[in-house]
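Contents: one structure, followed by commentary.
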Amino acid sequence: MDREARLKRLHFRAWHRGTKEADLLIGGFLDRHRHGWSDAELLWFEELLEEQDVDIMAWAIGTQAPPERYQGNLMRDLQTLDYIKHPE
């Protein structure tokens, strides 16, 4: 799959999680940070999307420690939470 198709697929999956809160957190993260991601970083995000939303949200807000496989720069970016824009 080419990069643009992959990003479109990720965008859909990130913004259609099932709850507005998860959409804003996960979709907002993708929209803010995806530009310039390497293939390895895209793979990290694809794998993250396989996790339960409640777990991703807990890792992002710090109520649970993320598994070692997700720790690193991208998780720190996710935990910053400065990318969430509430629609008016």
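Ligands are numbered from 1 in the order shown, chains are lettered A, B, ... in the order of the structure tokens, and residues start at 1 in each chain.
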What's around segment 69-76 of chain A at 9 Å? Count only C-alpha atoms, leave out sequence neighbours fewer than 5 positions away in its own chain, and write the answer as a compact mmCIF listing (two decimals) with N, CA and C atoms, in the first residue's frame.
```
# COMPACT_ATOMS: atom_id res chain seq x y z
N HIS A 33 0.60 15.08 14.25
CA HIS A 33 1.95 14.54 14.23
C HIS A 33 2.32 13.69 13.02
N GLU A 41 7.38 4.74 12.40
CA GLU A 41 6.43 5.48 13.23
C GLU A 41 4.99 5.22 12.79
N TRP A 44 4.10 1.93 14.23
CA TRP A 44 3.81 2.09 15.66
C TRP A 44 2.37 2.53 15.85
N PHE A 45 1.94 3.52 15.06
CA PHE A 45 0.58 4.02 15.19
C PHE A 45 -0.45 2.98 14.76
N LEU A 48 -0.79 0.68 17.55
CA LEU A 48 -1.51 1.33 18.65
C LEU A 48 -3.02 1.28 18.40
N TRP A 59 -3.23 5.57 28.89
CA TRP A 59 -1.80 5.82 28.68
C TRP A 59 -1.56 7.29 28.38
N ALA A 60 -2.47 7.90 27.60
CA ALA A 60 -2.31 9.30 27.21
C ALA A 60 -2.45 10.24 28.40
```
Give me, as an MDAnalysis selection string, the residues of segment 9-59 of chain A that a backbone DSSP run labels helix (DSSP H, G or I).
chainID A and resid 9:15 20:33 39:48 53:59
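Take atom CA of Lys8 of chain A and atom CA of Ala58 of chain A: the distance between them is 25.6 Å.
Here the question is which of A:Ala65, A:Ala5, A:Leu30, A:Ala22 gets nearest to Gln52 of chain A using only C-alpha atoms, and that residue is A:Ala22.
Here atom CA of Ala14 of chain A and atom CA of Phe29 of chain A stand 8.7 Å from one another.
Pairwise distance (atom CA of Glu68 of chain A, atom CA of Arg3 of chain A) equals 26.6 Å.
Each of A:His11, A:Glu47, A:His16, A:Ile56 was checked against Arg32 of chain A using only C-alpha atoms; the smallest atom-to-atom distance is that of A:His11.
Taking only C-alpha atoms into account, Val54 of chain A lies nearest to A:Pro66 out of the set A:Thr80, A:Pro66, A:Leu10, A:Lys85.
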Considering only C-alpha atoms, return as a list of chain:residue names whatever protein or nucleic-acid residues lie within 7 Å of Trp15 of chain A, sequence-local ones (same chain, fewer than 3 positions apart) excluded.
A:His11, A:Phe12, A:Asp23, A:Ile26, A:Gly27
Would you mind exporting C-alpha atoms of the selected residues as a short mmCIF file (atom, residue, chain, number, x, y, z; two decimals), in the first residue's frame?
```
data_model
loop_
_atom_site.label_atom_id
_atom_site.label_comp_id
_atom_site.auth_asym_id
_atom_site.auth_seq_id
_atom_site.Cartn_x
_atom_site.Cartn_y
_atom_site.Cartn_z
CA HIS A 11 -7.04 8.77 9.36
CA PHE A 12 -10.35 6.96 9.03
CA ASP A 23 -11.86 10.36 18.19
CA ILE A 26 -6.46 9.62 18.70
CA GLY A 27 -7.55 11.45 15.55
#
```
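Contact shell of Arg13 of chain A at 8 Å (only C-alpha atoms; same-chain neighbours under 4 positions omitted): Arg9, Arg17 and Leu49 of chain A.
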